[in-house]
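Have a look at the structure below before the remarks.
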Amino acid sequence: MRKPLLLALLLLLVALFFFFDLGDWFTLEALKQQQAHIATLRAESPWLIAGGFFVLYVLMAALSLPGAAIMTLAAGAFFGVWQGLVLVSFASSIGATLAFLVSRFLLRDQVQQRFGDKLKAMNKGMNRDGAFYLFTLRLVPVFPFFIINLLMGLTALPARTFYWVSQLGMLPGTLVYVNAGTQLAAINSLSGILSPALLASFALLGLFPLLARAVLRLVQRRKVYRGFNKPRHFDCNLIVIGAGAAGLVSSYIAAAVKAKVTLIEAGKMGGDCLNTGCVPSKALIRSAKLAHQMRHAAHYGLTSTTPKFSFKHVMQRVQAVIRKIEPHDSVERYTKLGVDVLQGHGKLIDPWTVEVTLTNGTTQRLTARSIIIAAGASAAVPPITGLDEVNYLTSDTLWDTMAERDTPPKRLLVMGGGPIGCELAQTFARLGSEVTLLQRNPRLMPKEDSEVSEWVKSALTKDGVRVLTEHSPLRVEQGRDGIRVIATHQDQEIILECDDLLLALGRKARLQGYGLEALGVTTERTVTTNEYLETLYPNIYAAGDVAGPYQFTHTAAHMAWFASVNALFGHFKRFSVDYSVIPWCTFVDPEVARVGLSEQEAKAQHIAYEVTRFELDELDRAITDGSDQGFIKVLTAPGKDTILGVTIVGEHAGDLLAEYVLAMKHKLGLNKILGTIHVYPTLAEANKYVAGEWKRAHAPERLLSWLSRYHRWRLGKR
Ligand SMILES: Cc1cc2nc3c(=O)[nH]c(=O)nc-3n(C[C@H](O)[C@H](O)[C@H](O)COP(=O)(O)OP(=O)(O)OC[C@H]3O[C@@H](n4cnc5c(N)ncnc54)[C@H](O)[C@@H]3O)c2cc1C
């Protein structure tokens, strides 16, 4: 049945109930008056009366009509305690479930769509503890029966759970009412049935399952430590394993709040971002961009030229950039900040002890009340046949391998069309390599909207990258003239030859080799943590790439705040990690930046949205700079200026995004951006213009038509 029809039918039935004053039949007085008459009817046809009563009760409950309490008393009065209890218990549960289903069918989608974001936490709570909440609400009979039915219908609680928990939870209250009904003559008001003492006992009974759960959790927490001897004294308050973004920020915070903290790093301080990730890749991207601009200098009225360069010098610049940033993450700096830095390999021995094998070969054991695992991730290398037989590169090995080369690879094959693959493919193409980009998915950067994928594909293609989507690597061989990659495309095998093969197939959390397995710390693709970033052992935390779900430097730092604060102060208050506003940027040219929802995500999550766009070819500064390609796309809640998500394709998109990240984080809408002065001529003005587009689309048409009349009248013409 279609929703409007069902709604109309229900409203009609409820209206009829009130129109004919049927509620008058469901009062204490009416019940007392009819008791003798019903008793006679029941003596004549007991099954018919019981059946009729049952159906009536189900209907009343399903339609959320008032009178459930009176009907329950009536059950006691007409049928006695046990038969009355059975009838009411089933009728009320079935009726409640029907009301629950009606509410779910008619309203849940709209409610979830409208308040999806705000309901996220509630949905999560309902998924986890819904049955417990419902049980508590059912046990304490002061919570209105029909409101619980309707509200629960809007949540994600399964109908089956709703039914059985309702039946079980309502049983004690039903028994009290049915039993009271057997003494109908003595009852003068409904409120007298439940004494305060009885209500308090129900409330306690309702809290019992929640308390039991808390105790169970405590026992389980204790259980994981069974068999270990907790030290009586600790060497440190906190040990951090890994000095990448997550580890550095964690130890920085700990030292700032005067905790004794030891940071252990097996490789280079600064981790992937500084040494093999963000920093070298962005430095190389900059050189490649300059080469590209030289080739296209004519766009700026200069003479285009083919850049001549020593690749070795380019790579030396990359290393020089790293060296310039290095002091920010150095042992010296962190030591000065109050962190004890140990250079060596850390290994968990028990939940409080870490053994460090120092770079000089000696070992030492340290204990701490809390430990943060910030061991990061490494390049994923999938099991492709023949891969082990060739010298493939990953983003981890690329920098050292290429450091000594005089020229960039002649023919480079990049496997993987995600952010890292796209950035490096474009970069090497701009530096003169013949680049082929192999992507299994039909689109590049498939986490973004398809129009973004198209932009990236077109940008890469323009720079000379041969983009092959829907190509799956089958095997790899070492040929005489280089590496041969055999891939399948539409059931056909194709052979691709290259001098260098770069794998950019994702990053795999580091989960082995430092004691996680021996301690039984649960892992899947990453170390498993709860919302407080606690692992199986509540005093061992994980942050950054090793814990996911995002693999960015800024999210590693963000998680580090939660891990370190919870590790040091969790016994007072724990904070659950907040992933509500996570921005990121892929540094292809033009850049692709995003925060919040994309259109494809909004659709997949059934979240209603409106789109407002601004094309950068209309922006003065972008035109003066010759960088007027791209757009800003803002998703807002229908009819409101609340920002749900922003995608920017364009020069400095990552920088432009910051305004929206701030707006979303602090719940500022597009009206606030529109009301903010932006310097002319800047790229940031685009943010104001997109807000202007939104405003124009939401102009108060009626008011404007009145204003138009007003102005015509002011002209003094008829
Ligand atoms: C090519 C590339 C480009 C990238 N570009 C960007 C970008 O532009 N923006 C962005 O935000 N992110 C980018 N990233 C991702 C970013 O580098 C990571 O998200 C970030 O480095 C994660 O930090 P982390 O602290 O979790 O881990 P890591 O930086 O990996 O640090 C972990 C550290 O732990 C150490 N370690 C591991 N095990 C032990 C042990 N047992 N004992 C002692 N030490 C140990 C490792 O040696 C390592 O130094 C890029 C990544 C790559 C590969």
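By convention here, the chains of the structure tokens are called A, B, ... in the order presented, each chain's residues are numbered starting at 1, and ligands are numbered starting at 1 in the order presented.
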List every residue of chain A that has an atom at most 7 Å from any atom of ligand 1, giving for each one its closest atom pair and the distance in Å to one decimal, counting only C-alpha atoms and all ligand atoms, sorted by chain and then by ascending residue number, as JSON lines.
```
{"residue": "A:Ile241", "atom": "CA", "partner": "ligand 1", "partner_atom_place_in_ligand_line": "43 (C)", "distance": 5.1}
{"residue": "A:Gly242", "atom": "CA", "partner": "ligand 1", "partner_atom_place_in_ligand_line": "34 (O)", "distance": 3.2}
{"residue": "A:Ala243", "atom": "CA", "partner": "ligand 1", "partner_atom_place_in_ligand_line": "33 (C)", "distance": 4.9}
{"residue": "A:Gly244", "atom": "CA", "partner": "ligand 1", "partner_atom_place_in_ligand_line": "31 (O)", "distance": 3.3}
{"residue": "A:Ala245", "atom": "CA", "partner": "ligand 1", "partner_atom_place_in_ligand_line": "25 (O)", "distance": 3.8}
{"residue": "A:Ala246", "atom": "CA", "partner": "ligand 1", "partner_atom_place_in_ligand_line": "25 (O)", "distance": 3.8}
{"residue": "A:Gly247", "atom": "CA", "partner": "ligand 1", "partner_atom_place_in_ligand_line": "25 (O)", "distance": 5.5}
{"residue": "A:Ile264", "atom": "CA", "partner": "ligand 1", "partner_atom_place_in_ligand_line": "43 (C)", "distance": 5.0}
{"residue": "A:Glu265", "atom": "CA", "partner": "ligand 1", "partner_atom_place_in_ligand_line": "44 (N)", "distance": 3.7}
{"residue": "A:Ala266", "atom": "CA", "partner": "ligand 1", "partner_atom_place_in_ligand_line": "44 (N)", "distance": 3.9}
{"residue": "A:Gly267", "atom": "CA", "partner": "ligand 1", "partner_atom_place_in_ligand_line": "47 (O)", "distance": 4.1}
{"residue": "A:Lys268", "atom": "CA", "partner": "ligand 1", "partner_atom_place_in_ligand_line": "49 (O)", "distance": 5.6}
{"residue": "A:Met269", "atom": "CA", "partner": "ligand 1", "partner_atom_place_in_ligand_line": "49 (O)", "distance": 6.0}
{"residue": "A:Gly270", "atom": "CA", "partner": "ligand 1", "partner_atom_place_in_ligand_line": "49 (O)", "distance": 6.1}
{"residue": "A:Gly271", "atom": "CA", "partner": "ligand 1", "partner_atom_place_in_ligand_line": "49 (O)", "distance": 3.2}
{"residue": "A:Asp272", "atom": "CA", "partner": "ligand 1", "partner_atom_place_in_ligand_line": "29 (O)", "distance": 3.8}
{"residue": "A:Cys273", "atom": "CA", "partner": "ligand 1", "partner_atom_place_in_ligand_line": "17 (O)", "distance": 3.6}
{"residue": "A:Thr276", "atom": "CA", "partner": "ligand 1", "partner_atom_place_in_ligand_line": "53 (C)", "distance": 6.1}
{"residue": "A:Gly277", "atom": "CA", "partner": "ligand 1", "partner_atom_place_in_ligand_line": "2 (C)", "distance": 3.4}
{"residue": "A:Cys278", "atom": "CA", "partner": "ligand 1", "partner_atom_place_in_ligand_line": "5 (N)", "distance": 3.5}
{"residue": "A:Ser281", "atom": "CA", "partner": "ligand 1", "partner_atom_place_in_ligand_line": "1 (C)", "distance": 5.7}
{"residue": "A:Lys282", "atom": "CA", "partner": "ligand 1", "partner_atom_place_in_ligand_line": "8 (O)", "distance": 6.9}
{"residue": "A:Gly344", "atom": "CA", "partner": "ligand 1", "partner_atom_place_in_ligand_line": "43 (C)", "distance": 6.0}
{"residue": "A:His345", "atom": "CA", "partner": "ligand 1", "partner_atom_place_in_ligand_line": "42 (N)", "distance": 3.8}
{"residue": "A:Gly346", "atom": "CA", "partner": "ligand 1", "partner_atom_place_in_ligand_line": "42 (N)", "distance": 3.8}
{"residue": "A:Lys347", "atom": "CA", "partner": "ligand 1", "partner_atom_place_in_ligand_line": "41 (N)", "distance": 5.6}
{"residue": "A:Ala374", "atom": "CA", "partner": "ligand 1", "partner_atom_place_in_ligand_line": "25 (O)", "distance": 5.5}
{"residue": "A:Ala375", "atom": "CA", "partner": "ligand 1", "partner_atom_place_in_ligand_line": "34 (O)", "distance": 3.6}
{"residue": "A:Gly376", "atom": "CA", "partner": "ligand 1", "partner_atom_place_in_ligand_line": "27 (O)", "distance": 3.2}
{"residue": "A:Ala377", "atom": "CA", "partner": "ligand 1", "partner_atom_place_in_ligand_line": "30 (O)", "distance": 5.0}
{"residue": "A:Ser378", "atom": "CA", "partner": "ligand 1", "partner_atom_place_in_ligand_line": "30 (O)", "distance": 6.8}
{"residue": "A:Ala379", "atom": "CA", "partner": "ligand 1", "partner_atom_place_in_ligand_line": "53 (C)", "distance": 7.0}
{"residue": "A:Ser395", "atom": "CA", "partner": "ligand 1", "partner_atom_place_in_ligand_line": "1 (C)", "distance": 5.1}
{"residue": "A:Asp396", "atom": "CA", "partner": "ligand 1", "partner_atom_place_in_ligand_line": "53 (C)", "distance": 6.6}
{"residue": "A:Ile420", "atom": "CA", "partner": "ligand 1", "partner_atom_place_in_ligand_line": "1 (C)", "distance": 5.5}
{"residue": "A:Arg510", "atom": "CA", "partner": "ligand 1", "partner_atom_place_in_ligand_line": "37 (C)", "distance": 6.7}
{"residue": "A:Gly513", "atom": "CA", "partner": "ligand 1", "partner_atom_place_in_ligand_line": "41 (N)", "distance": 6.7}
{"residue": "A:Tyr514", "atom": "CA", "partner": "ligand 1", "partner_atom_place_in_ligand_line": "41 (N)", "distance": 4.8}
{"residue": "A:Ala543", "atom": "CA", "partner": "ligand 1", "partner_atom_place_in_ligand_line": "26 (O)", "distance": 6.4}
{"residue": "A:Gly544", "atom": "CA", "partner": "ligand 1", "partner_atom_place_in_ligand_line": "26 (O)", "distance": 3.3}
{"residue": "A:Asp545", "atom": "CA", "partner": "ligand 1", "partner_atom_place_in_ligand_line": "26 (O)", "distance": 3.8}
{"residue": "A:Val546", "atom": "CA", "partner": "ligand 1", "partner_atom_place_in_ligand_line": "26 (O)", "distance": 5.8}
{"residue": "A:Gln551", "atom": "CA", "partner": "ligand 1", "partner_atom_place_in_ligand_line": "19 (O)", "distance": 4.1}
{"residue": "A:Phe552", "atom": "CA", "partner": "ligand 1", "partner_atom_place_in_ligand_line": "19 (O)", "distance": 3.3}
{"residue": "A:Thr553", "atom": "CA", "partner": "ligand 1", "partner_atom_place_in_ligand_line": "11 (O)", "distance": 3.8}
{"residue": "A:His554", "atom": "CA", "partner": "ligand 1", "partner_atom_place_in_ligand_line": "11 (O)", "distance": 5.3}
{"residue": "A:Ala556", "atom": "CA", "partner": "ligand 1", "partner_atom_place_in_ligand_line": "26 (O)", "distance": 5.2}
{"residue": "A:Trp584", "atom": "CA", "partner": "ligand 1", "partner_atom_place_in_ligand_line": "11 (O)", "distance": 6.8}
{"residue": "A:Cys585", "atom": "CA", "partner": "ligand 1", "partner_atom_place_in_ligand_line": "8 (O)", "distance": 7.0}
{"residue": "A:Thr586", "atom": "CA", "partner": "ligand 1", "partner_atom_place_in_ligand_line": "8 (O)", "distance": 6.7}
{"residue": "A:Phe587", "atom": "CA", "partner": "ligand 1", "partner_atom_place_in_ligand_line": "8 (O)", "distance": 6.7}
```
Would you export the selected residues with N, CA and C atoms as a short mmCIF file (atom, residue, chain, number, x, y, z; two decimals), in the first residue's frame, please?
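The new file result_4.cif reads:
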```cif
data_model
loop_
_atom_site.label_atom_id
_atom_site.label_comp_id
_atom_site.auth_asym_id
_atom_site.auth_seq_id
_atom_site.Cartn_x
_atom_site.Cartn_y
_atom_site.Cartn_z
N ILE A 241 54.99 4.04 20.40
CA ILE A 241 55.78 3.29 19.42
C ILE A 241 55.56 3.89 18.04
N GLY A 242 56.60 4.50 17.50
CA GLY A 242 56.52 5.10 16.16
C GLY A 242 56.52 6.61 16.24
N ALA A 243 57.46 7.24 15.48
CA ALA A 243 57.55 8.70 15.52
C ALA A 243 57.17 9.31 14.18
N GLY A 244 56.01 8.85 13.65
CA GLY A 244 55.39 9.54 12.51
C GLY A 244 54.45 10.59 13.08
N ALA A 245 53.52 11.06 12.23
CA ALA A 245 52.62 12.13 12.68
C ALA A 245 51.89 11.74 13.97
N ALA A 246 51.36 10.52 14.02
CA ALA A 246 50.57 10.11 15.18
C ALA A 246 51.43 10.04 16.44
N GLY A 247 52.62 9.43 16.31
CA GLY A 247 53.50 9.27 17.47
C GLY A 247 54.06 10.59 17.94
N ILE A 264 59.51 5.87 20.80
CA ILE A 264 60.45 4.92 20.20
C ILE A 264 60.30 4.93 18.68
N GLU A 265 61.40 5.10 17.97
CA GLU A 265 61.33 5.11 16.51
C GLU A 265 62.41 4.18 15.94
N ALA A 266 61.94 3.25 15.11
CA ALA A 266 62.87 2.28 14.53
C ALA A 266 63.57 2.82 13.29
N GLY A 267 62.88 3.67 12.56
CA GLY A 267 63.45 4.19 11.31
C GLY A 267 63.80 5.66 11.48
N LYS A 268 63.27 6.47 10.54
CA LYS A 268 63.60 7.89 10.59
C LYS A 268 62.51 8.65 11.33
N MET A 269 62.94 9.62 12.13
CA MET A 269 61.98 10.49 12.82
C MET A 269 61.12 11.17 11.74
N GLY A 270 59.84 11.33 12.04
CA GLY A 270 58.95 11.98 11.06
C GLY A 270 58.12 10.97 10.27
N GLY A 271 58.57 9.69 10.31
CA GLY A 271 57.77 8.63 9.68
C GLY A 271 57.61 8.82 8.18
N ASP A 272 56.54 8.25 7.65
CA ASP A 272 56.32 8.23 6.20
C ASP A 272 56.13 9.62 5.63
N CYS A 273 55.38 10.43 6.30
CA CYS A 273 55.01 11.72 5.72
C CYS A 273 56.26 12.52 5.36
N THR A 276 59.00 9.57 3.11
CA THR A 276 58.65 8.88 1.84
C THR A 276 57.25 9.24 1.34
N GLY A 277 56.56 10.11 2.05
CA GLY A 277 55.16 10.38 1.70
C GLY A 277 54.90 11.80 1.24
N CYS A 278 54.17 12.52 2.08
CA CYS A 278 53.68 13.85 1.69
C CYS A 278 54.81 14.78 1.25
N SER A 281 56.80 13.78 -2.01
CA SER A 281 55.90 13.79 -3.18
C SER A 281 55.50 15.22 -3.54
N LYS A 282 55.26 16.04 -2.53
CA LYS A 282 54.87 17.42 -2.85
C LYS A 282 56.06 18.23 -3.40
N GLY A 344 65.24 2.95 18.11
CA GLY A 344 65.34 1.50 18.12
C GLY A 344 63.97 0.91 17.83
N HIS A 345 63.95 -0.42 17.87
CA HIS A 345 62.71 -1.13 17.54
C HIS A 345 61.97 -1.49 18.82
N GLY A 346 60.73 -1.07 18.93
CA GLY A 346 59.95 -1.37 20.12
C GLY A 346 59.13 -2.63 19.94
N LYS A 347 59.02 -3.41 21.02
CA LYS A 347 58.20 -4.63 20.94
C LYS A 347 57.41 -4.79 22.23
N ALA A 374 51.69 3.63 17.29
CA ALA A 374 51.58 4.58 16.16
C ALA A 374 52.56 4.12 15.08
N ALA A 375 52.45 2.82 14.72
CA ALA A 375 53.46 2.19 13.86
C ALA A 375 53.22 2.42 12.38
N GLY A 376 52.13 3.10 12.02
CA GLY A 376 51.92 3.51 10.63
C GLY A 376 51.56 2.38 9.68
N ALA A 377 51.84 2.61 8.40
CA ALA A 377 51.49 1.65 7.35
C ALA A 377 52.62 1.62 6.33
N SER A 378 52.60 0.58 5.52
CA SER A 378 53.59 0.53 4.43
C SER A 378 52.84 0.23 3.14
N ALA A 379 53.54 0.39 2.02
CA ALA A 379 52.88 0.20 0.73
C ALA A 379 52.36 -1.24 0.60
N SER A 395 55.96 3.59 -3.13
CA SER A 395 56.26 4.94 -2.62
C SER A 395 57.27 4.87 -1.47
N ASP A 396 57.44 3.68 -0.87
CA ASP A 396 58.43 3.54 0.19
C ASP A 396 59.86 3.48 -0.36
N ILE A 420 47.64 8.49 -4.60
CA ILE A 420 49.10 8.43 -4.74
C ILE A 420 49.47 8.09 -6.18
N ARG A 510 50.88 -1.53 9.57
CA ARG A 510 51.95 -2.41 10.09
C ARG A 510 51.42 -3.13 11.32
N GLY A 513 55.46 -8.02 13.84
CA GLY A 513 56.87 -7.84 14.19
C GLY A 513 57.12 -7.03 15.45
N TYR A 514 56.06 -6.64 16.14
CA TYR A 514 56.32 -5.89 17.38
C TYR A 514 55.37 -6.30 18.51
N ALA A 543 46.81 4.79 17.07
CA ALA A 543 46.45 6.02 16.34
C ALA A 543 47.20 6.08 15.03
N GLY A 544 46.63 6.82 14.09
CA GLY A 544 47.28 7.01 12.79
C GLY A 544 46.96 5.88 11.82
N ASP A 545 47.82 5.75 10.80
CA ASP A 545 47.57 4.77 9.73
C ASP A 545 47.40 3.34 10.26
N VAL A 546 48.04 3.04 11.38
CA VAL A 546 47.97 1.67 11.90
C VAL A 546 46.55 1.34 12.38
N GLN A 551 43.80 7.53 6.17
CA GLN A 551 45.27 7.46 6.18
C GLN A 551 45.85 8.78 5.69
N PHE A 552 45.78 9.77 6.56
CA PHE A 552 46.35 11.08 6.26
C PHE A 552 47.16 11.54 7.46
N THR A 553 48.08 12.45 7.18
CA THR A 553 48.89 13.00 8.26
C THR A 553 48.01 13.75 9.26
N HIS A 554 47.07 14.55 8.72
CA HIS A 554 46.26 15.35 9.64
C HIS A 554 45.29 14.49 10.45
N ALA A 556 46.05 11.42 11.38
CA ALA A 556 46.93 10.76 12.36
C ALA A 556 47.12 11.70 13.56
N TRP A 584 40.34 16.23 3.04
CA TRP A 584 41.54 15.70 2.41
C TRP A 584 41.71 16.33 1.03
N CYS A 585 42.91 16.16 0.51
CA CYS A 585 43.20 16.76 -0.78
C CYS A 585 44.14 15.84 -1.56
N THR A 586 43.89 15.70 -2.83
CA THR A 586 44.82 14.98 -3.71
C THR A 586 45.51 16.03 -4.55
N PHE A 587 46.85 15.99 -4.53
CA PHE A 587 47.61 17.09 -5.11
C PHE A 587 47.95 16.84 -6.57
#
```
- Find the residues around stretch 406-414 of chain A up to 10 Å (only C-alpha atoms counted), leave out those fewer than 2 positions away in its own chain, and share them as a PyMOL selection string. chain A and resi 309-315+392-394+402-404+416-417+420-422+424-425+428-429+431-439+465-467+482-485+496-505
- Test item: residues at most 8 Å from stretch 520-536 of chain A, only C-alpha atoms, excluding those fewer than 6 positions along its chain, as a list in words: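 Answer for this query is Val224, Lys508, Ala509, Arg510, Leu511, Ala542, Ala543, Asp545, Val546, Ala547, Gly548, Met559, Phe562, Ala563, Asn566, Arg574, Phe575, Ser576 and Val577 of chain A.
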Keeping only N, CA, C and O atoms, take the residues you just selected and write them out as a PDB file, in the first residue's frame.
```pdb
ATOM      1  N   VAL A 224      41.110  -9.758  30.210  1.00  0.00           N
ATOM      2  CA  VAL A 224      42.197  -9.698  29.222  1.00  0.00           C
ATOM      3  C   VAL A 224      43.562  -9.560  29.901  1.00  0.00           C
ATOM      4  O   VAL A 224      44.583  -9.900  29.326  1.00  0.00           O
ATOM      5  N   LYS A 508      49.133  -0.566   3.719  1.00  0.00           N
ATOM      6  CA  LYS A 508      48.741  -1.652   4.626  1.00  0.00           C
ATOM      7  C   LYS A 508      49.260  -1.353   6.020  1.00  0.00           C
ATOM      8  O   LYS A 508      50.466  -1.092   6.185  1.00  0.00           O
ATOM      9  N   ALA A 509      48.365  -1.381   7.005  1.00  0.00           N
ATOM     10  CA  ALA A 509      48.784  -1.087   8.381  1.00  0.00           C
ATOM     11  C   ALA A 509      49.886  -2.054   8.819  1.00  0.00           C
ATOM     12  O   ALA A 509      49.856  -3.238   8.480  1.00  0.00           O
ATOM     13  N   ARG A 510      50.881  -1.525   9.571  1.00  0.00           N
ATOM     14  CA  ARG A 510      51.954  -2.407  10.086  1.00  0.00           C
ATOM     15  C   ARG A 510      51.420  -3.127  11.317  1.00  0.00           C
ATOM     16  O   ARG A 510      51.150  -2.500  12.341  1.00  0.00           O
ATOM     17  N   LEU A 511      51.276  -4.432  11.188  1.00  0.00           N
ATOM     18  CA  LEU A 511      50.644  -5.191  12.271  1.00  0.00           C
ATOM     19  C   LEU A 511      51.541  -6.294  12.811  1.00  0.00           C
ATOM     20  O   LEU A 511      51.189  -6.964  13.775  1.00  0.00           O
ATOM     21  N   ALA A 542      45.777   2.873  19.872  1.00  0.00           N
ATOM     22  CA  ALA A 542      46.381   2.914  18.533  1.00  0.00           C
ATOM     23  C   ALA A 542      45.897   4.159  17.818  1.00  0.00           C
ATOM     24  O   ALA A 542      44.734   4.553  17.959  1.00  0.00           O
ATOM     25  N   ALA A 543      46.805   4.792  17.074  1.00  0.00           N
ATOM     26  CA  ALA A 543      46.446   6.017  16.345  1.00  0.00           C
ATOM     27  C   ALA A 543      47.199   6.082  15.031  1.00  0.00           C
ATOM     28  O   ALA A 543      48.261   5.478  14.881  1.00  0.00           O
ATOM     29  N   ASP A 545      47.816   5.746  10.802  1.00  0.00           N
ATOM     30  CA  ASP A 545      47.571   4.767   9.731  1.00  0.00           C
ATOM     31  C   ASP A 545      47.402   3.343  10.263  1.00  0.00           C
ATOM     32  O   ASP A 545      46.716   2.531   9.645  1.00  0.00           O
ATOM     33  N   VAL A 546      48.042   3.036  11.377  1.00  0.00           N
ATOM     34  CA  VAL A 546      47.972   1.668  11.897  1.00  0.00           C
ATOM     35  C   VAL A 546      46.552   1.338  12.377  1.00  0.00           C
ATOM     36  O   VAL A 546      46.159   0.172  12.439  1.00  0.00           O
ATOM     37  N   ALA A 547      45.779   2.403  12.682  1.00  0.00           N
ATOM     38  CA  ALA A 547      44.430   2.179  13.197  1.00  0.00           C
ATOM     39  C   ALA A 547      43.359   2.610  12.199  1.00  0.00           C
ATOM     40  O   ALA A 547      42.193   2.247  12.343  1.00  0.00           O
ATOM     41  N   GLY A 548      43.730   3.420  11.174  1.00  0.00           N
ATOM     42  CA  GLY A 548      42.732   3.888  10.202  1.00  0.00           C
ATOM     43  C   GLY A 548      41.670   4.703  10.893  1.00  0.00           C
ATOM     44  O   GLY A 548      41.908   5.185  11.989  1.00  0.00           O
ATOM     45  N   MET A 559      43.846  11.888  15.581  1.00  0.00           N
ATOM     46  CA  MET A 559      43.649  10.702  16.423  1.00  0.00           C
ATOM     47  C   MET A 559      44.607  10.734  17.613  1.00  0.00           C
ATOM     48  O   MET A 559      44.264  10.275  18.711  1.00  0.00           O
ATOM     49  N   PHE A 562      43.232  12.292  20.722  1.00  0.00           N
ATOM     50  CA  PHE A 562      42.293  11.446  21.478  1.00  0.00           C
ATOM     51  C   PHE A 562      43.039  10.319  22.185  1.00  0.00           C
ATOM     52  O   PHE A 562      42.768  10.020  23.344  1.00  0.00           O
ATOM     53  N   ALA A 563      43.992   9.710  21.474  1.00  0.00           N
ATOM     54  CA  ALA A 563      44.720   8.587  22.081  1.00  0.00           C
ATOM     55  C   ALA A 563      45.510   9.072  23.292  1.00  0.00           C
ATOM     56  O   ALA A 563      45.474   8.444  24.364  1.00  0.00           O
ATOM     57  N   ASN A 566      43.146  10.323  26.209  1.00  0.00           N
ATOM     58  CA  ASN A 566      42.500   9.179  26.856  1.00  0.00           C
ATOM     59  C   ASN A 566      43.514   8.337  27.624  1.00  0.00           C
ATOM     60  O   ASN A 566      43.228   7.828  28.703  1.00  0.00           O
ATOM     61  N   ARG A 574      36.859   9.996  29.265  1.00  0.00           N
ATOM     62  CA  ARG A 574      37.354   9.531  27.974  1.00  0.00           C
ATOM     63  C   ARG A 574      36.635  10.281  26.849  1.00  0.00           C
ATOM     64  O   ARG A 574      35.454  10.620  26.991  1.00  0.00           O
ATOM     65  N   PHE A 575      37.343  10.544  25.779  1.00  0.00           N
ATOM     66  CA  PHE A 575      36.750  11.247  24.638  1.00  0.00           C
ATOM     67  C   PHE A 575      36.698  10.303  23.445  1.00  0.00           C
ATOM     68  O   PHE A 575      37.699   9.661  23.134  1.00  0.00           O
ATOM     69  N   SER A 576      35.527  10.229  22.814  1.00  0.00           N
ATOM     70  CA  SER A 576      35.478   9.348  21.639  1.00  0.00           C
ATOM     71  C   SER A 576      35.910  10.130  20.410  1.00  0.00           C
ATOM     72  O   SER A 576      35.530  11.288  20.226  1.00  0.00           O
ATOM     73  N   VAL A 577      36.722   9.465  19.600  1.00  0.00           N
ATOM     74  CA  VAL A 577      37.333  10.140  18.447  1.00  0.00           C
ATOM     75  C   VAL A 577      36.240  10.625  17.493  1.00  0.00           C
ATOM     76  O   VAL A 577      35.259   9.935  17.255  1.00  0.00           O
TER      77      VAL A 577
END
```
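In this comparison, which uses only C-alpha atoms, the residue of A:Met664, A:Ile285, A:Tyr133, A:Ser250 approaching A:Arg213 most closely is A:Tyr133.
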- Item | All helix (DSSP H, G or I) positions in stretch 202-436 of chain A, as a PyMOL selection string | chain A and resi 202-224+245-256+271-275+278-295+297-300+311-329+331-337+387-389+398-403+419-430
- Task: Have a look at atom CA of A:Gly650 and atom CA of A:Ser580 and let me know their distance in Å, one decimal.
- Result: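 For atom CA of A:Gly650 relative to atom CA of A:Ser580, the distance reads 24.2 Å.
When only C-alpha atoms are used to measure the gap to A:Lys447, the shortest distance among A:Arg594, A:Lys336, A:Lys573, A:Lys124 belongs to A:Arg594.
Atom CA of A:Arg104 lies 11.0 Å from atom CA of A:Lys3.
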- Those of stretch 568-607 of chain A in DSSP strand (DSSP E), formatted as an MDAnalysis selection string: chainID A and resid 583:586 591:596
For those residues, write C-alpha atoms to a file as a CSV table (one decimal), in the first residue's frame.
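Result written to out_36.csv:
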```csv
chain,number,residue,atom,x,y,z
A,583,PRO,CA,39.0,17.0,4.9
A,584,TRP,CA,41.5,15.7,2.4
A,585,CYS,CA,43.2,16.8,-0.8
A,586,THR,CA,44.8,15.0,-3.7
A,591,GLU,CA,43.9,19.7,-7.0
A,592,VAL,CA,40.9,17.8,-5.8
A,593,ALA,CA,39.8,18.6,-2.2
A,594,ARG,CA,36.9,17.4,-0.2
A,595,VAL,CA,35.3,17.6,3.1
A,596,GLY,CA,32.0,15.8,4.2
```
